[in-house]
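Undergrad: Pasting entry-v7.cif here (mmCIF, C-alpha atoms):
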data_entry
loop_
_atom_site.label_atom_id
_atom_site.label_comp_id
_atom_site.auth_asym_id
_atom_site.auth_seq_id
_atom_site.Cartn_x
_atom_site.Cartn_y
_atom_site.Cartn_z
CA MET A 1 177.01 33.60 80.72
CA LYS A 2 173.47 34.85 81.11
CA SER A 3 171.56 35.05 77.84
CA THR A 4 170.80 38.48 76.40
CA ILE A 5 167.69 37.21 74.59
CA SER A 6 165.14 34.57 75.52
CA VAL A 7 163.44 33.21 72.41
CA LEU A 8 159.91 32.03 73.26
CA ILE A 9 158.17 29.50 71.04
CA ILE A 10 154.62 28.41 71.80
CA ASN A 11 154.16 25.00 70.26
CA TYR A 12 150.87 23.25 69.65
CA ASN A 13 151.02 20.23 67.34
CA GLY A 14 153.82 21.79 65.34
CA LEU A 15 155.39 18.60 64.03
CA ASP A 16 155.48 19.91 60.45
CA VAL A 17 156.99 23.31 61.27
CA LEU A 18 158.83 23.33 64.60
CA PRO A 19 162.01 21.57 63.33
CA ARG A 20 162.37 24.18 60.59
CA CYS A 21 161.92 27.00 63.11
CA LEU A 22 164.61 25.55 65.36
CA ASP A 23 166.92 25.02 62.41
CA ALA A 24 166.56 28.70 61.48
CA LEU A 25 167.40 29.68 65.06
CA SER A 26 170.47 27.45 65.05
CA GLN A 27 171.83 29.50 62.13
CA GLN A 28 171.61 32.87 63.90
CA THR A 29 174.73 35.01 63.65
CA PHE A 30 174.05 36.37 67.15
CA GLU A 31 174.52 33.49 69.56
CA ASN A 32 173.88 34.74 73.11
CA PHE A 33 170.31 33.52 73.43
CA GLU A 34 168.29 30.78 75.05
CA ILE A 35 165.24 29.05 73.60
CA ILE A 36 162.17 28.31 75.70
CA ILE A 37 159.54 26.10 74.09
CA VAL A 38 156.19 25.98 75.84
CA ASP A 39 154.45 22.88 74.51
CA ASN A 40 150.81 23.83 74.93
CA GLY A 41 149.21 20.46 75.40
CA GLY A 42 149.92 19.16 71.91
CA LYS A 43 149.46 15.49 71.08
CA ASP A 44 151.74 15.01 68.07
CA GLY A 45 155.01 14.58 69.98
CA SER A 46 156.60 17.57 68.26
CA ALA A 47 158.25 18.78 71.49
CA ASP A 48 159.72 15.39 72.40
CA SER A 49 163.47 14.76 72.23
CA LEU A 50 164.42 18.38 71.61
CA GLY A 51 167.20 18.61 74.16
CA ASN A 52 170.00 18.01 71.65
CA GLN A 53 168.88 20.57 69.06
CA HIS A 54 170.27 23.61 70.88
CA ALA A 55 172.79 23.98 73.67
CA ASN A 56 170.56 26.32 75.65
CA LEU A 57 167.05 25.01 75.14
CA LYS A 58 164.32 24.51 77.73
CA VAL A 59 161.02 22.74 77.16
CA ILE A 60 157.99 23.42 79.35
CA ARG A 61 155.24 20.87 78.85
CA LEU A 62 151.64 21.69 79.70
CA ASN A 63 148.90 19.07 79.88
CA HIS A 64 146.30 21.18 78.08
CA ASN A 65 146.12 24.14 75.72
CA THR A 66 146.26 27.25 77.91
CA GLY A 67 146.24 29.63 74.92
CA PHE A 68 148.89 31.75 73.26
CA SER A 69 148.65 34.49 75.89
CA ALA A 70 149.07 32.36 79.02
CA ALA A 71 151.79 30.18 77.50
CA ASN A 72 153.88 33.23 76.54
CA ASN A 73 153.41 34.74 79.99
CA LEU A 74 154.67 31.52 81.56
CA GLY A 75 157.67 31.49 79.24
CA ALA A 76 158.41 35.13 80.09
CA TYR A 77 158.47 34.36 83.81
CA LYS A 78 160.88 31.48 83.23
CA ALA A 79 163.13 33.48 80.90
CA GLU A 80 166.58 34.74 81.84
CA GLY A 81 167.18 37.24 79.04
CA GLN A 82 166.79 40.99 79.20
CA TRP A 83 164.73 40.74 76.02
CA LEU A 84 161.99 38.35 74.96
CA ALA A 85 161.99 37.34 71.30
CA LEU A 86 158.62 35.82 70.45
CA ILE A 87 158.53 33.64 67.37
CA ASN A 88 155.70 31.40 66.20
CA ASN A 89 156.55 27.76 65.62
CA ASP A 90 155.65 28.26 61.94
CA ALA A 91 157.90 31.33 61.54
CA PHE A 92 161.45 31.07 60.23
CA PRO A 93 163.85 33.96 60.87
CA GLU A 94 166.67 34.98 58.56
CA PRO A 95 170.15 34.22 59.99
CA ASP A 96 170.73 37.86 60.96
CA TRP A 97 167.31 38.31 62.62
CA LEU A 98 168.66 38.56 66.17
CA GLU A 99 171.76 40.48 65.08
CA ARG A 100 169.60 43.10 63.36
CA PHE A 101 167.52 43.46 66.52
CA ILE A 102 170.58 43.89 68.75
CA ALA A 103 171.89 46.68 66.50
CA ALA A 104 168.48 48.42 66.49
CA GLN A 105 168.03 48.08 70.23
CA LYS A 106 171.26 50.03 70.75
CA LYS A 107 170.15 52.65 68.25
CA TYR A 108 166.68 53.03 69.81
CA PRO A 109 167.30 52.64 73.57
CA HIS A 110 163.97 54.35 74.33
CA ALA A 111 161.96 51.56 72.65
CA SER A 112 160.54 48.66 74.65
CA ALA A 113 159.15 46.62 71.75
CA PHE A 114 160.27 45.92 68.19
CA GLY A 115 158.43 44.36 65.28
CA SER A 116 159.86 42.27 62.45
CA LEU A 117 159.09 42.38 58.75
CA ILE A 118 157.09 39.17 58.44
CA LEU A 119 156.87 37.73 54.94
CA GLN A 120 154.57 35.03 53.59
CA ASP A 121 156.44 31.75 53.50
CA ALA A 122 154.69 30.54 50.34
CA GLN A 123 155.34 33.87 48.56
CA PRO A 124 158.25 35.59 50.33
CA ASN A 125 158.00 38.62 48.06
CA LEU A 126 154.66 39.41 49.77
CA VAL A 127 154.19 40.82 53.25
CA ASP A 128 152.37 38.99 56.01
CA SER A 129 152.78 41.83 58.52
CA ALA A 130 154.78 45.02 58.90
CA GLY A 131 153.39 45.85 62.32
CA ASP A 132 149.85 46.16 63.62
CA ILE A 133 147.65 49.12 62.67
CA TYR A 134 144.86 50.17 65.04
CA ASN A 135 141.85 52.05 63.72
CA ILE A 136 139.63 54.39 65.75
CA SER A 137 136.83 51.83 65.29
CA GLY A 138 138.79 49.31 67.35
CA ILE A 139 139.57 47.13 64.32
CA ALA A 140 143.24 46.23 63.84
CA TRP A 141 145.05 44.68 60.91
CA LYS A 142 148.49 43.73 59.66
CA GLY A 143 150.33 46.63 58.06
CA TYR A 144 151.01 46.09 54.33
CA GLY A 145 149.50 42.60 54.58
CA GLY A 146 149.39 41.02 51.11
CA TYR A 147 151.39 43.79 49.44
CA PRO A 148 154.88 43.34 47.92
CA ALA A 149 157.72 43.80 50.39
CA THR A 150 159.05 46.56 48.14
CA GLU A 151 156.12 48.74 49.25
CA VAL A 152 157.27 48.71 52.90
CA PRO A 153 159.30 51.80 53.92
CA SER A 154 162.96 50.86 54.31
CA ASN A 155 163.63 52.85 57.49
CA PRO A 156 162.65 51.88 61.04
CA ARG A 157 159.62 53.77 62.29
CA ARG A 158 157.22 53.87 65.19
CA ILE A 159 154.20 51.57 64.94
CA PHE A 160 151.17 50.97 67.10
CA ALA A 161 152.22 47.41 67.99
CA PRO A 162 154.40 44.60 66.67
CA CYS A 163 152.83 41.39 65.41
CA ALA A 164 153.64 38.78 68.06
CA ALA A 165 154.38 36.12 65.44
CA ALA A 166 157.90 37.62 65.46
CA ALA A 167 158.40 40.40 68.01
CA PHE A 168 160.79 41.62 70.68
CA TYR A 169 159.79 42.93 74.12
CA ARG A 170 161.88 44.16 77.02
CA ARG A 171 161.24 41.49 79.62
CA ASP A 172 160.99 43.84 82.60
CA VAL A 173 158.48 46.04 80.79
CA PHE A 174 156.50 43.02 79.56
CA LEU A 175 156.17 41.79 83.14
CA GLU A 176 155.54 45.28 84.53
CA ILE A 177 152.43 45.79 82.41
CA GLY A 178 151.14 42.27 83.01
CA GLY A 179 152.15 40.55 79.79
CA PHE A 180 149.42 39.33 77.48
CA ASP A 181 145.84 39.36 78.76
CA GLU A 182 145.14 35.69 79.41
CA ASP A 183 141.39 36.19 79.06
CA PHE A 184 142.04 36.76 75.34
CA PHE A 185 143.43 33.21 74.98
CA SER A 186 144.70 34.04 71.47
CA TYR A 187 144.14 36.63 68.72
CA PHE A 188 144.35 40.39 69.28
CA GLU A 189 146.52 39.85 72.36
CA ASP A 190 149.49 41.57 70.69
CA VAL A 191 147.35 44.60 69.77
CA ASP A 192 146.06 44.79 73.33
CA LEU A 193 149.59 44.59 74.71
CA GLY A 194 150.76 47.25 72.28
CA PHE A 195 147.95 49.54 73.40
CA ARG A 196 149.07 49.20 77.02
CA LEU A 197 152.70 49.82 76.07
CA ASN A 198 151.70 53.07 74.39
CA LEU A 199 149.47 54.13 77.28
CA TYR A 200 152.31 53.54 79.74
CA GLY A 201 154.61 55.75 77.68
CA TYR A 202 156.66 53.07 75.93
CA GLN A 203 157.35 52.92 72.20
CA CYS A 204 157.16 50.18 69.56
CA ILE A 205 159.55 50.32 66.59
CA PHE A 206 159.27 48.42 63.31
CA LEU A 207 162.51 46.92 61.89
CA PRO A 208 162.23 46.36 58.12
CA ASP A 209 165.57 44.53 57.97
CA ALA A 210 164.73 41.99 60.71
CA ARG A 211 163.01 39.49 58.43
CA VAL A 212 161.00 36.35 59.09
CA ARG A 213 159.05 34.01 56.83
CA HIS A 214 155.70 32.88 58.23
CA VAL A 215 153.35 30.08 57.22
CA GLY A 216 150.47 31.44 59.33
CA SER A 217 147.48 29.93 61.15
CA VAL A 218 148.96 26.44 61.42
CA SER A 219 147.29 25.75 64.78
CA ALA A 220 143.87 27.39 64.38
CA GLY A 221 143.30 27.76 60.63
CA LYS A 222 143.21 31.15 58.94
CA ASN A 223 139.45 31.32 58.38
CA SER A 224 138.38 28.94 61.10
CA ASP A 225 135.49 29.51 63.49
CA PHE A 226 138.09 29.58 66.28
CA ALA A 227 139.91 32.52 64.68
CA LEU A 228 136.71 34.38 63.84
CA TYR A 229 135.31 33.98 67.35
CA HIS A 230 138.41 35.07 69.24
CA TYR A 231 139.22 38.03 66.99
CA HIS A 232 135.72 39.50 67.15
CA ARG A 233 135.31 38.91 70.87
CA ASN A 234 138.75 40.27 71.74
CA PHE A 235 138.64 43.42 69.64
CA ILE A 236 135.69 44.59 71.77
CA TRP A 237 137.59 43.87 74.97
CA SER A 238 140.70 45.69 73.78
CA TYR A 239 138.71 48.83 72.95
CA ILE A 240 136.85 48.79 76.28
CA LYS A 241 140.02 48.25 78.29
CA ASN A 242 142.36 50.67 76.60
CA MET A 243 140.78 53.51 74.62
CA PRO A 244 141.54 56.41 76.97
CA GLY A 245 139.46 59.28 78.27
CA ALA A 246 137.59 61.42 75.78
CA LEU A 247 138.73 59.22 72.88
CA PHE A 248 136.61 56.39 74.25
CA TRP A 249 133.40 58.39 73.87
CA LEU A 250 134.50 60.22 70.73
CA TYR A 251 135.16 56.99 68.81
CA LEU A 252 132.55 54.76 70.46
CA PRO A 253 129.98 55.28 67.63
CA PHE A 254 132.55 54.00 65.12
CA HIS A 255 133.30 51.01 67.33
CA ILE A 256 129.60 50.15 67.57
CA LEU A 257 129.22 50.61 63.80
CA ALA A 258 132.16 48.28 63.12
CA ASN A 259 130.59 45.59 65.29
CA PHE A 260 127.29 45.96 63.47
CA ILE A 261 128.86 45.84 60.00
CA PHE A 262 130.94 42.75 60.70
CA PHE A 263 127.98 41.12 62.43
CA LEU A 264 125.89 41.54 59.26
CA LYS A 265 128.79 40.46 57.05
CA TYR A 266 129.21 37.12 58.77
CA ILE A 267 125.47 36.48 59.01
CA ILE A 268 125.34 36.90 55.21
CA LYS A 269 128.30 34.51 54.91
CA GLY A 270 126.41 31.88 56.91
CA ARG A 271 128.55 32.23 60.03
CA GLY A 272 126.02 34.03 62.17
CA LYS A 273 126.19 31.53 65.03
CA VAL A 274 129.92 32.09 65.55
CA ILE A 275 129.82 35.88 65.32
CA PHE A 276 126.75 36.05 67.57
CA LYS A 277 128.51 33.97 70.24
CA ALA A 278 131.61 36.16 69.99
CA LYS A 279 129.63 39.34 70.61
CA ILE A 280 127.47 37.86 73.39
CA ASP A 281 130.50 36.43 75.19
CA ALA A 282 132.28 39.78 74.90
CA LEU A 283 129.34 41.58 76.46
CA LYS A 284 128.98 39.07 79.31
CA VAL A 285 132.22 40.21 80.93
CA LEU A 286 132.20 43.93 80.14
CA ARG A 287 132.15 44.69 83.85
CA LYS A 288 135.38 42.74 84.31
CA MET A 289 136.97 44.53 81.37
CA TRP A 290 135.85 47.89 82.77
CA ARG A 291 137.63 47.06 86.04
CA LYS A 292 140.77 46.28 84.05
CA ARG A 293 140.30 49.60 82.26
CA ARG A 294 140.34 51.51 85.53
CA ASN A 295 143.54 49.80 86.60
CA ILE A 296 145.25 50.41 83.25
CA LEU A 297 144.29 54.07 82.96
CA CYS A 298 145.41 54.72 86.53
CA GLU A 299 148.92 53.95 85.26
CA GLN A 300 148.58 55.93 82.03
CA ARG A 301 151.59 58.15 81.35
CA ALA A 302 151.05 59.09 77.69
CA SER A 303 148.77 62.02 76.91
CA ILE A 304 145.49 61.68 75.03
CA SER A 305 146.99 63.52 72.06
CA GLU A 306 150.01 61.17 71.97
CA ILE A 307 147.69 58.16 71.78
CA ASN A 308 145.45 59.82 69.22
CA ILE A 309 148.38 60.36 66.84
CA LEU A 310 149.01 56.60 66.77
CA LEU A 311 145.46 55.73 65.68
CA ASP A 312 144.44 55.17 62.05
CA LYS A 313 141.53 57.51 61.29
CA ASN A 314 140.42 56.32 57.86
CA LEU A 315 136.87 55.16 58.49
CA MET A 316 136.58 53.10 55.32
CA VAL A 317 139.86 51.16 55.46
CA PRO A 318 138.64 48.43 57.85
CA TYR A 319 135.91 47.49 55.39
CA LEU A 320 137.68 47.98 52.06
CA GLN A 321 141.11 46.45 52.66
CA GLY A 322 140.42 43.38 50.55
CA ARG A 323 139.05 45.43 47.66
CA LYS A 324 142.03 47.82 47.75
CA LEU A 325 144.49 44.92 47.75
CA ARG A 326 142.75 43.24 44.80
CA GLN A 327 142.78 46.53 42.90
CA TYR A 328 146.49 46.97 43.62
CA ASN A 329 147.22 43.45 42.42
CA ARG A 330 145.33 44.02 39.17
CA GLU A 331 147.10 47.32 38.51
CA HIS A 332 150.57 45.94 39.28
CA GLY A 333 150.18 42.39 38.01
CA VAL A 334 150.80 40.86 41.41
CA ASP A 335 149.91 37.18 41.77
CA SER A 336 148.56 36.84 45.32
#
Translate this file's structure into structure tokens.
TA:
Amino acid sequence: MKSTISVLIINYNGLDVLPRCLDALSQQTFENFEIIIVDNGGKDGSADSLGNQHANLKVIRLNHNTGFSAANNLGAYKAEGQWLALINNDAFPEPDWLERFIAAQKKYPHASAFGSLILQDAQPNLVDSAGDIYNISGIAWKGYGGYPATEVPSNPRRIFAPCAAAAFYRRDVFLEIGGFDEDFFSYFEDVDLGFRLNLYGYQCIFLPDARVRHVGSVSAGKNSDFALYHYHRNFIWSYIKNMPGALFWLYLPFHILANFIFFLKYIIKGRGKVIFKAKIDALKVLRKMWRKRRNILCEQRASISEINILLDKNLMVPYLQGRKLRQYNREHGVDS
């Protein structure tokens, strides 16, 4: 029988986490799924001898690291399921994760993407992500990141984009809109994809009862130069490619300001070389991104006002998130 869901795992030197991820998948109460592991040029042997761990498991081995975006696109092309379930190799779903999704997919047939409630593995009472939030400045962040899970609304709701560490996408729609942008390599690719989904008239729904525990940044390191570079290069590209029509010019001053503020921030922190390279490399290919923009907006089906409603308009939030979280923790006695 053809699988309903294709679970995609991008693995890069995941020896310490991949077995636990697969074990969590083996305990799923919904069983009609295949697993596709794309081993992205890792050297630790973590993808070796996996054939006996699941009855319907495929391993695609690449000889070098092609990036999160390209590896997922390859897995999507090889998949058989109607739905793609992306899960990081350091993310561990609850046994009813797939079952919860199947129930929600029937309830929300208009949705083409669903996000999970992703909890911190070390402190599972705290949220890692409850969907991606996109600000008019072009900055995006994890919804409720660092806050107690009890703060997250208990009902499904529309979000800008799901966090791809644990997300569901209709395979035909994913392929229709081109999947992840492979120029991004990794970081911000899920926000960019979510933007295109919204522009093309599709919806993303957050599922608070589809829960996953996530270690986070196993491959790249949470505060690494790699992460800093790719995030701050890619958030420029995503804005250029996707911000539609009049909104592009209306919010462009805030986008420029955000770049300037974060540029100064990381110079002060002694990381000026990395942030400078990120911005220069982003600007080098603006013409290419503008061509992509034309192609994307030619297919736009959502109105400007529909997109505008989805954008966070608080100008200070991108710069004060850490301070607000620390204040919350002090007031509520949260140990973060």
Undergrad: Measure the distance from CA of Ile133 (chain A) to CA of Ala70 (chain A) in Å and round it to one decimal.
TA: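 We find that CA of Ile133 (chain A) and CA of Ala70 (chain A) lie 23.5 Å from each other.
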Undergrad: Would you kindly return, as an mmCIF file with C-alpha atoms, keeping the file's coordinate frame, each protein, DNA or RNA residue with an atom no farther than 12 Å from any atom of Asn13 (chain A), considering all atoms listed in the file and excluding same-chain residues fewer than 6 positions away?
TA:
data_model
loop_
_atom_site.group_PDB
_atom_site.id
_atom_site.type_symbol
_atom_site.label_atom_id
_atom_site.label_comp_id
_atom_site.auth_asym_id
_atom_site.auth_seq_id
_atom_site.Cartn_x
_atom_site.Cartn_y
_atom_site.Cartn_z
ATOM 1 C CA PRO A 19 162.010 21.570 63.330
ATOM 2 C CA VAL A 38 156.190 25.980 75.840
ATOM 3 C CA ASP A 39 154.450 22.880 74.510
ATOM 4 C CA ASN A 40 150.810 23.830 74.930
ATOM 5 C CA GLY A 41 149.210 20.460 75.400
ATOM 6 C CA GLY A 42 149.920 19.160 71.910
ATOM 7 C CA LYS A 43 149.460 15.490 71.080
ATOM 8 C CA ASP A 44 151.740 15.010 68.070
ATOM 9 C CA GLY A 45 155.010 14.580 69.980
ATOM 10 C CA SER A 46 156.600 17.570 68.260
ATOM 11 C CA ALA A 47 158.250 18.780 71.490
ATOM 12 C CA ASP A 48 159.720 15.390 72.400
ATOM 13 C CA HIS A 64 146.300 21.180 78.080
ATOM 14 C CA ASN A 65 146.120 24.140 75.720
ATOM 15 C CA ASN A 89 156.550 27.760 65.620
ATOM 16 C CA ASP A 90 155.650 28.260 61.940
ATOM 17 C CA VAL A 218 148.960 26.440 61.420
ATOM 18 C CA SER A 219 147.290 25.750 64.780
ATOM 19 C CA ALA A 220 143.870 27.390 64.380
#
Undergrad: Hey, what's within 7 Å of Ile35 (chain A) if we count all atoms listed in the file and toss same-chain stuff fewer than 2 positions away? As a list of chain:residue names, please?
TA: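 Here the qualifying residues turn out to be A:Ser6, A:Val7, A:Leu8, A:Phe33, A:Ile37, A:Asn56, A:Leu57, A:Lys58.
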Undergrad: Report the residues retrieved by the PyMOL selection byres ((chain A and resi 305) around 12) from the displayed file, expressed as a short mmCIF file (atom, residue, chain, number, x, y, z; two decimals) with C-alpha atoms, in the frame of the given file.
TA:
data_model
loop_
_atom_site.label_atom_id
_atom_site.label_comp_id
_atom_site.auth_asym_id
_atom_site.auth_seq_id
_atom_site.Cartn_x
_atom_site.Cartn_y
_atom_site.Cartn_z
CA ASN A 198 151.70 53.07 74.39
CA LEU A 199 149.47 54.13 77.28
CA PRO A 244 141.54 56.41 76.97
CA GLY A 245 139.46 59.28 78.27
CA ALA A 246 137.59 61.42 75.78
CA LEU A 247 138.73 59.22 72.88
CA ARG A 301 151.59 58.15 81.35
CA ALA A 302 151.05 59.09 77.69
CA SER A 303 148.77 62.02 76.91
CA ILE A 304 145.49 61.68 75.03
CA GLU A 306 150.01 61.17 71.97
CA ILE A 307 147.69 58.16 71.78
CA ASN A 308 145.45 59.82 69.22
CA ILE A 309 148.38 60.36 66.84
CA LEU A 310 149.01 56.60 66.77
CA LEU A 311 145.46 55.73 65.68
#
Undergrad: At a cut-off of 8 Å, using all atoms listed in the file, what residues contact Pro156 (chain A)? Leave out same-chain residues fewer than 3 positions from it and give the result as a VMD selection string.
TA: chain A and resid 153 205 to 208
Undergrad: Can you list what the PyMOL selection byres ((chain A and resi 22) around 10) grabs from this structure, as a PyMOL selection string?
TA: chain A and resi 9+17-21+23-27+35+50+53-54+89-93
Undergrad: Have a look at A:Trp97, A:Trp141, A:Phe114, A:Trp83 and name the one nearest to Pro162 (chain A); count all atoms listed in the file.
TA: A:Phe114
Undergrad: Quick one: of A:Val215, A:Leu74, A:Ile177, A:Ala103, who's nearest to Gln120 (chain A), counting only C-alpha atoms?
TA: A:Val215
